[in-house]
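Undergrad: I'm passing along work_7.txt; it holds compact mmCIF, C-alpha atoms.
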```txt
# COMPACT_ATOMS: atom_id res chain seq x y z
CA MET A 1 129.79 140.60 57.39
CA GLU A 2 132.81 142.57 58.57
CA LYS A 3 135.06 144.18 56.03
CA GLU A 4 138.30 142.33 55.46
CA ILE A 5 141.37 144.55 55.55
CA ASN A 6 144.88 143.66 54.47
CA ALA A 7 147.78 146.12 54.78
CA GLY A 8 145.31 149.01 55.07
CA TYR A 9 143.38 148.00 51.95
CA VAL A 10 139.72 146.92 52.18
CA ILE A 11 139.17 143.77 50.13
CA THR A 12 136.29 144.66 47.80
CA ASP A 13 136.23 141.94 45.15
CA ARG A 14 137.54 138.41 44.81
CA LEU A 15 137.77 135.81 42.07
CA ALA A 16 138.54 132.15 42.69
CA VAL A 17 140.10 130.02 39.97
CA GLY A 18 141.05 126.49 40.96
CA ASN A 19 143.01 126.65 44.20
CA ALA A 20 143.98 130.26 43.67
CA GLU A 21 142.10 133.39 44.56
CA PHE A 22 142.66 136.93 43.31
CA VAL A 23 141.39 139.96 45.17
CA ILE A 24 141.11 143.72 44.76
CA GLY A 25 142.00 145.93 47.73
CA HIS A 26 141.00 149.58 48.01
CA SER A 27 142.42 152.30 50.25
CA GLU A 28 141.25 155.92 50.03
CA LYS A 29 144.40 157.09 51.81
CA ALA A 30 147.08 155.18 49.91
CA HIS A 31 149.01 156.84 47.10
CA MET A 32 148.08 153.93 44.83
CA GLN A 33 144.46 153.44 45.85
CA PHE A 34 144.00 149.94 44.43
CA VAL A 35 145.91 146.69 44.60
CA THR A 36 145.37 143.16 43.32
CA TRP A 37 146.78 140.25 45.29
CA LYS A 38 146.90 136.51 44.88
CA CYS A 39 146.24 134.07 47.70
CA ARG A 40 145.42 130.42 48.20
CA LYS A 41 141.69 129.79 48.12
CA GLY A 42 140.17 130.18 51.58
CA GLU A 43 143.35 131.61 53.10
CA LYS A 44 144.16 135.18 54.03
CA GLU A 45 147.85 135.41 53.16
CA TYR A 46 147.99 137.77 50.24
CA TYR A 47 151.05 138.05 48.03
CA TRP A 48 152.29 139.33 44.67
CA GLY A 49 150.58 142.68 44.94
CA HIS A 50 150.07 144.77 41.83
CA TYR A 51 149.50 148.39 42.88
CA LEU A 52 147.29 150.52 40.62
CA GLY A 53 145.87 154.03 40.51
CA ASP A 54 142.24 153.41 39.56
CA ARG A 55 139.56 150.77 39.85
CA LEU A 56 139.22 150.05 36.14
CA ALA A 57 142.92 149.22 35.94
CA ALA A 58 142.57 147.03 39.04
CA VAL A 59 139.59 145.10 37.63
CA GLU A 60 141.47 144.70 34.35
CA ASP A 61 144.48 143.34 36.20
CA LEU A 62 142.29 141.01 38.27
CA CYS A 63 140.79 139.56 35.07
CA LYS A 64 144.21 139.23 33.46
CA ARG A 65 145.54 137.32 36.45
CA ALA A 66 142.45 135.09 36.56
CA LEU A 67 142.73 134.34 32.84
CA GLU A 68 146.40 133.43 33.25
CA GLU A 69 145.40 131.01 35.99
CA ILE A 70 142.64 129.57 33.77
CA GLU A 71 145.18 129.06 30.97
CA ASN A 72 147.50 127.40 33.43
CA LEU A 73 144.75 125.03 34.61
CA ARG A 74 143.71 124.33 31.01
CA SER A 75 147.26 123.42 30.10
CA LEU A 76 147.20 120.85 32.90
CA GLN A 77 143.78 119.42 31.99
CA PRO A 78 144.59 117.20 28.96
CA GLN A 79 147.29 115.39 30.92
CA ARG A 80 144.85 114.78 33.75
CA ASP A 81 142.11 113.57 31.36
CA THR A 82 144.52 111.13 29.73
CA GLY A 83 145.32 109.67 33.10
CA GLU A 84 141.76 109.45 34.41
CA LYS A 85 139.69 108.55 31.34
CA PRO A 86 141.80 106.60 28.88
CA GLU A 87 138.78 104.86 27.25
CA GLN A 88 136.97 108.15 26.57
CA GLN A 89 140.07 109.50 24.85
CA ILE A 90 140.18 106.50 22.52
CA LYS A 91 136.46 106.81 21.71
CA LYS A 92 136.87 110.47 20.77
CA GLY A 93 139.74 109.57 18.51
CA SER A 94 137.79 106.79 16.79
CA GLY A 95 134.89 109.04 15.70
CA PRO A 96 136.10 110.14 12.26
CA GLU A 97 136.80 106.55 11.11
CA ARG A 98 133.16 106.00 10.11
CA MET B 1 132.30 139.13 45.14
CA LYS B 2 131.47 142.02 47.41
CA MET B 3 132.27 141.03 50.96
CA ASP B 4 129.25 142.49 52.72
CA GLU B 5 126.58 140.65 50.78
CA GLU B 6 124.39 137.84 52.07
CA LYS B 7 124.00 134.71 49.97
CA ARG B 8 122.63 136.00 46.68
CA MET B 9 120.57 133.90 44.28
CA VAL B 10 119.58 134.19 40.63
CA ASP B 11 116.74 131.70 40.32
CA THR B 12 118.30 128.47 41.71
CA TYR B 13 121.88 129.62 41.08
CA GLU B 14 124.02 131.06 43.86
CA VAL B 15 126.11 134.08 42.93
CA THR B 16 129.71 133.21 43.76
CA HIS B 17 131.43 136.07 41.95
CA ALA B 18 130.12 139.50 41.03
CA ILE B 19 132.06 142.39 39.59
CA HIS B 20 130.44 145.75 39.10
CA VAL B 21 131.90 147.87 36.31
CA GLY B 22 130.12 150.87 34.88
CA ASP B 23 126.39 150.48 34.45
CA ARG B 24 126.18 146.75 35.13
CA GLU B 25 127.39 143.84 37.19
CA ILE B 26 128.74 140.62 35.72
CA LEU B 27 127.74 137.55 37.74
CA PHE B 28 129.21 134.06 37.97
CA THR B 29 126.70 131.68 39.49
CA VAL B 30 126.60 128.04 40.53
CA ASP B 31 123.86 125.45 40.99
CA GLY B 32 125.46 122.13 41.92
CA THR B 33 122.16 120.27 41.49
CA LYS B 34 122.05 121.01 37.75
CA THR B 35 124.51 118.43 36.52
CA ASP B 36 124.14 119.40 32.85
CA CYS B 37 124.66 123.13 33.47
CA PRO B 38 126.01 123.89 36.96
CA HIS B 39 127.77 127.15 36.01
CA MET B 40 126.04 130.22 34.65
CA VAL B 41 127.23 133.72 33.75
CA CYS B 42 124.84 136.62 33.33
CA ASP B 43 124.66 140.41 33.46
CA CYS B 44 122.65 142.48 35.93
CA THR B 45 121.45 146.09 35.71
CA TRP B 46 119.13 148.26 37.79
CA ASP B 47 118.27 150.76 35.09
CA ASN B 48 114.50 150.59 35.58
CA PRO B 49 112.00 152.79 37.44
CA LEU B 50 112.01 150.57 40.55
CA GLY B 51 115.77 150.05 40.61
CA ILE B 52 115.35 146.28 40.93
CA ASP B 53 117.84 143.66 39.69
CA GLN B 54 117.34 142.72 36.03
CA TYR B 55 119.27 139.68 34.85
CA PHE B 56 120.00 139.06 31.18
CA ASN B 57 122.52 137.58 28.70
CA ALA B 58 122.69 134.33 30.64
CA VAL B 59 124.87 131.50 29.36
CA GLY B 60 125.59 128.22 31.10
CA SER B 61 127.98 125.30 30.83
CA MET B 62 129.30 122.22 32.58
CA ASP B 63 132.83 123.53 32.16
CA TYR B 64 133.90 125.79 35.02
CA LEU B 65 136.91 127.16 33.18
CA GLU B 66 134.85 127.94 30.10
CA MET B 67 132.40 129.92 32.20
CA MET B 68 135.14 131.66 34.18
CA THR B 69 136.69 132.71 30.86
CA GLU B 70 133.28 134.00 29.75
CA PHE B 71 132.99 135.91 33.02
CA THR B 72 136.41 137.60 32.79
CA ASP B 73 135.90 138.33 29.07
CA ARG B 74 132.61 140.08 29.84
CA VAL B 75 134.23 142.14 32.60
CA LYS B 76 136.97 143.18 30.17
CA VAL B 77 134.40 144.17 27.53
CA GLN B 78 132.63 146.26 30.16
CA ILE B 79 135.91 147.95 31.15
CA GLU B 80 136.48 148.90 27.52
CA ALA B 81 132.91 150.26 27.32
CA VAL B 82 133.52 152.49 30.36
CA LYS B 83 136.83 153.67 28.91
CA ALA B 84 135.14 154.51 25.60
CA GLU B 85 132.37 156.33 27.46
CA ARG B 86 134.95 158.31 29.40
CA ALA B 87 136.89 159.17 26.25
CA GLN B 88 133.79 160.76 24.75
CA ILE B 89 133.42 163.21 27.64
CA THR B 90 134.72 166.55 26.47
CA VAL B 91 134.38 168.54 29.71
CA PRO B 92 136.95 168.78 32.54
CA LEU B 93 136.61 165.74 34.79
CA SER B 94 138.17 167.06 38.03
CA PRO B 95 135.69 166.29 40.81
CA PHE B 96 133.97 169.00 42.87
CA THR B 97 135.06 169.19 46.50
CA PRO B 98 133.56 170.96 49.56
CA GLU B 99 135.36 174.21 48.69
CA HIS B 100 133.26 174.48 45.51
CA CYS B 101 129.97 174.30 47.38
CA THR B 102 128.02 175.91 50.19
CA PRO B 103 127.75 173.07 52.71
CA ASN B 104 124.60 170.93 52.70
CA ASP B 105 122.35 172.82 55.11
CA TYR B 106 119.26 170.80 56.05
CA GLY B 107 117.51 174.04 57.06
CA GLU B 108 117.61 175.30 53.46
CA SER B 109 115.64 174.09 50.47
CA ILE B 110 117.70 172.84 47.54
CA GLU B 111 114.76 172.58 45.15
CA ASN B 112 115.63 173.85 41.66
CA LYS B 113 119.25 174.41 42.67
CA VAL B 114 122.37 172.98 41.11
CA VAL B 115 124.01 170.69 43.64
CA ALA B 116 127.05 168.41 43.62
CA ILE B 117 126.80 164.77 44.60
CA ARG B 118 129.47 163.63 47.08
CA ALA B 119 132.22 161.93 45.06
CA GLU B 120 132.44 159.07 47.56
CA ARG B 121 128.75 158.22 46.91
CA LEU B 122 129.59 157.51 43.26
CA ARG B 123 131.31 154.33 42.09
CA PRO B 124 135.08 154.86 41.73
CA GLU B 125 134.92 154.90 37.92
CA TYR B 126 132.26 157.65 38.03
CA ARG B 127 133.86 160.11 40.46
CA THR B 128 134.07 162.92 37.93
CA ALA B 129 132.48 166.36 37.58
CA ASP B 130 130.10 165.29 34.83
CA ASN B 131 128.55 162.72 37.15
CA GLN B 132 128.44 165.04 40.16
CA LEU B 133 126.53 168.07 38.90
CA VAL B 134 122.76 167.72 39.07
CA LEU B 135 119.68 169.92 39.26
CA ALA B 136 117.54 169.01 42.29
CA THR B 137 114.02 168.95 40.86
CA GLY B 138 111.93 167.65 43.76
CA GLY B 139 111.35 165.02 46.40
CA PHE B 140 110.78 165.38 50.14
CA GLY B 141 114.51 165.57 50.77
CA THR B 142 114.85 168.81 48.80
CA TYR B 143 112.71 170.82 51.23
CA ALA B 144 114.01 172.75 54.23
CA ASN B 145 113.82 170.85 57.53
CA ALA B 146 112.22 167.92 55.71
CA ARG B 147 111.59 164.51 57.22
CA GLY B 148 112.02 162.81 53.88
CA ARG B 149 115.32 161.98 52.25
CA ALA B 150 114.51 161.54 48.55
CA VAL B 151 116.03 164.05 46.18
CA TYR B 152 115.05 163.70 42.52
CA THR B 153 117.63 165.07 40.15
CA VAL B 154 118.51 165.65 36.52
CA ASN B 155 122.16 165.23 35.62
CA LEU B 156 123.45 168.39 33.95
CA TYR B 157 125.77 166.54 31.60
CA SER B 158 123.71 163.54 30.52
CA GLY B 159 120.17 164.75 31.29
CA LYS B 160 119.55 161.45 33.08
CA GLU B 161 117.00 161.50 35.91
CA SER B 162 117.96 159.85 39.20
CA ARG B 163 117.00 159.59 42.84
CA TRP B 164 119.46 160.39 45.62
CA ASN B 165 119.20 160.81 49.37
CA ARG B 166 119.76 164.22 50.95
CA GLU B 167 122.91 162.97 52.69
CA ASP B 168 124.43 162.16 49.28
CA ILE B 169 124.45 165.87 48.45
CA LEU B 170 127.75 167.67 49.03
CA GLY B 171 126.12 171.09 48.78
CA VAL B 172 124.81 173.77 46.45
CA LEU B 173 127.42 174.66 43.86
CA LYS B 174 128.82 178.19 44.29
CA PRO B 175 127.94 180.20 41.15
CA GLU B 176 131.58 181.13 40.50
CA TYR B 177 132.45 177.43 40.07
CA MET B 178 129.63 176.67 37.63
CA PRO B 179 131.33 175.50 34.41
CA ASP B 180 130.16 176.97 31.08
CA TRP B 181 128.98 173.58 29.82
CA ALA B 182 126.77 173.25 32.92
CA LYS B 183 125.27 176.72 32.41
CA GLU B 184 124.30 175.80 28.86
CA GLN B 185 122.83 172.45 29.87
CA LEU B 186 120.96 174.04 32.77
CA LYS B 187 119.27 176.51 30.39
CA GLN B 188 118.17 173.64 28.15
CA ILE B 189 116.87 171.53 31.03
CA LEU B 190 114.91 174.45 32.53
CA ALA B 191 113.46 175.33 29.12
CA GLY B 192 112.44 171.69 28.65
CA GLN B 193 110.78 171.64 32.06
CA GLN B 194 108.86 174.85 31.37
CA ALA B 195 107.60 173.49 28.04
CA LYS B 196 106.50 170.27 29.74
CA HIS B 197 104.75 172.24 32.49
CA LYS B 198 102.88 174.41 29.93
CA LYS B 199 101.78 171.32 28.02
CA GLN B 200 100.45 169.74 31.22
CA ILE B 201 98.44 172.89 32.02
CA GLN B 202 96.96 172.99 28.51
CA GLU B 203 95.94 169.35 28.74
CA ARG B 204 93.98 169.85 31.98
```
Spell out the structure here as structure tokens.

TA:
Amino acid sequence: MEKEINAGYVITDRLAVGNAEFVIGHSEKAHMQFVTWKCRKGEKEYYWGHYLGDRLAAVEDLCKRALEEIENLRSLQPQRDTGEKPEQQIKKGSGPER
Amino acid sequence: MKMDEEKRMVDTYEVTHAIHVGDREILFTVDGTKTDCPHMVCDCTWDNPLGIDQYFNAVGSMDYLEMMTEFTDRVKVQIEAVKAERAQITVPLSPFTPEHCTPNDYGESIENKVVAIRAERLRPEYRTADNQLVLATGGFGTYANARGRAVYTVNLYSGKESRWNREDILGVLKPEYMPDWAKEQLKQILAGQQAKHKKQIQER
């Protein structure tokens, strides 16, 4: 597979969470050799770049961004569950009555 | 996930995300046919004589977000491990560059010489002097005008034995750039090799 390049940075790693994707870009020539970007899953328009000096910091930032997205999705989940499975919610609540 | 990889499988699970940090890779895998446990996270290392993938620490769940949290948590733990490892290194870390070496001349033998590994052949988090300096101990790639590529080495800082290809070698380190810590380690490694050699002769 061909290397994907964005703004001179080779995309080396990517993490998908929900509809979002986070990537690490690496450029040997750039002053800040690493960057993390966000994009919509399956698309190639990268935005909100965080520029970093070394790979460990970039991987750390990638994880931080992914975890924030996970937290965001988690915060939306209970509302969705309530709407989709009202009976299951009631059953869970009725457990301790025994 | 690295972009140049073909579809990668761990048993029936497809690897959808893989992040390599330090001495291992953390994998996020998916098997849509396993309804009770479609998501699995595990670690992978190659620290064995054949250099083959070894998977361990596998955990699975139905909950994608739970497993993605497990994945990112493991990567973060691994980052901290590499940072701690780096903090323990007491020697200067500045990498060796071509000016510190006589260029890699395929017409010359590098057997039993201290050579520097090209920084770009090391993972970004390991591009430091302690990872570059090795003693070339053997392999067809060490010989002059050799057809083979294999160069077996002992790392001067850690004492760890590895295999490289001749093209991974930047060159023989110029004596004036040999750090004191490397001189000391080299003496110990050579003494260890001589003792081993003597023992082998006595056993025959």

Undergrad: Excluding range 60-70 of chain A and its own-chain neighbours fewer than 3 positions away, which residues fall within 12 Å of it when counting all atoms listed in the file? Please give them as a PyMOL selection string.

TA: (chain A and resi 12-25+34-39+48-57+73-77) or (chain B and resi 19+21+63-80+82-83)

Undergrad: As a PDB file with C-alpha atoms, in the coordinates of the input, please: the residues near range 32-40 of chain B (cut-off 6 Å, only C-alpha atoms, same-chain neighbours under 6 positions excluded).

TA:
```pdb
ATOM      1  CA  VAL B  59     124.870 131.500  29.360  1.00  0.00           C
ATOM      2  CA  GLY B  60     125.590 128.220  31.100  1.00  0.00           C
ATOM      3  CA  SER B  61     127.980 125.300  30.830  1.00  0.00           C
ATOM      4  CA  MET B  62     129.300 122.220  32.580  1.00  0.00           C
TER       5      MET B  62
END
```

Undergrad: Calculate how many Å separate CA of Asp11 in chain B from CA of Trp164 in chain B, rounding to one decimal.

TA: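 For CA of Asp11 in chain B relative to CA of Trp164 in chain B, the distance reads 29.3 Å.
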
Undergrad: When distances are computed from only C-alpha atoms, which of B:Arg127, B:His17, B:Lys174, B:Arg8 shows the smallest separation from chain A?

TA: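 Answer, going by the shortest atom-to-atom distance: B:His17.
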
Undergrad: Using all atoms listed in the file, which of the listed residues (B:Arg149, B:Gln193, B:Ala81, B:Val30) sits closest to Leu135 in chain B?

TA: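 For Leu135 in chain B, the nearest of the candidates is B:Gln193.
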
Undergrad: With all atoms listed in the file as the atoms that count, which of A:Ser27, A:Lys44, A:Ile5, A:Ile11 lies nearest to chain B?

TA: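 Of all the options, A:Ile11 lies closest to chain B.
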
Undergrad: How far is it from CA of Pro98 in chain B to CA of Gln188 in chain B, in Å with one decimal?

TA: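 Between these atoms lies a distance of 26.5 Å.
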
Undergrad: Save N, CA and C atoms of range 64-75 of chain A from the block above as a CSV table (one decimal), in the first residue's frame.

TA:
```csv
chain,number,residue,atom,x,y,z
A,64,LYS,N,-4.5,10.3,24.3
A,64,LYS,CA,-5.3,11.2,25.1
A,64,LYS,C,-6.5,11.7,24.2
A,65,ARG,N,-6.3,12.0,23.0
A,65,ARG,CA,-7.4,12.4,22.1
A,65,ARG,C,-8.4,11.3,21.9
A,66,ALA,N,-7.9,10.0,21.8
A,66,ALA,CA,-8.8,8.9,21.6
A,66,ALA,C,-9.7,8.7,22.9
A,67,LEU,N,-9.0,8.8,24.0
A,67,LEU,CA,-9.7,8.6,25.3
A,67,LEU,C,-10.8,9.7,25.5
A,68,GLU,N,-10.5,10.9,25.1
A,68,GLU,CA,-11.4,12.0,25.2
A,68,GLU,C,-12.7,11.7,24.3
A,69,GLU,N,-12.4,11.2,23.1
A,69,GLU,CA,-13.5,10.8,22.2
A,69,GLU,C,-14.3,9.7,22.8
A,70,ILE,N,-13.6,8.7,23.5
A,70,ILE,CA,-14.3,7.6,24.1
A,70,ILE,C,-15.2,8.1,25.2
A,71,GLU,N,-14.7,9.0,26.0
A,71,GLU,CA,-15.5,9.6,27.1
A,71,GLU,C,-16.7,10.4,26.5
A,72,ASN,N,-16.5,11.0,25.5
A,72,ASN,CA,-17.6,11.8,24.8
A,72,ASN,C,-18.7,10.8,24.3
A,73,LEU,N,-18.2,9.7,23.7
A,73,LEU,CA,-19.2,8.7,23.3
A,73,LEU,C,-19.9,8.0,24.4
A,74,ARG,N,-19.2,7.8,25.5
A,74,ARG,CA,-19.7,7.1,26.7
A,74,ARG,C,-20.8,8.1,27.3
A,75,SER,N,-20.5,9.3,27.3
A,75,SER,CA,-21.5,10.3,27.9
A,75,SER,C,-22.8,10.3,27.1
```
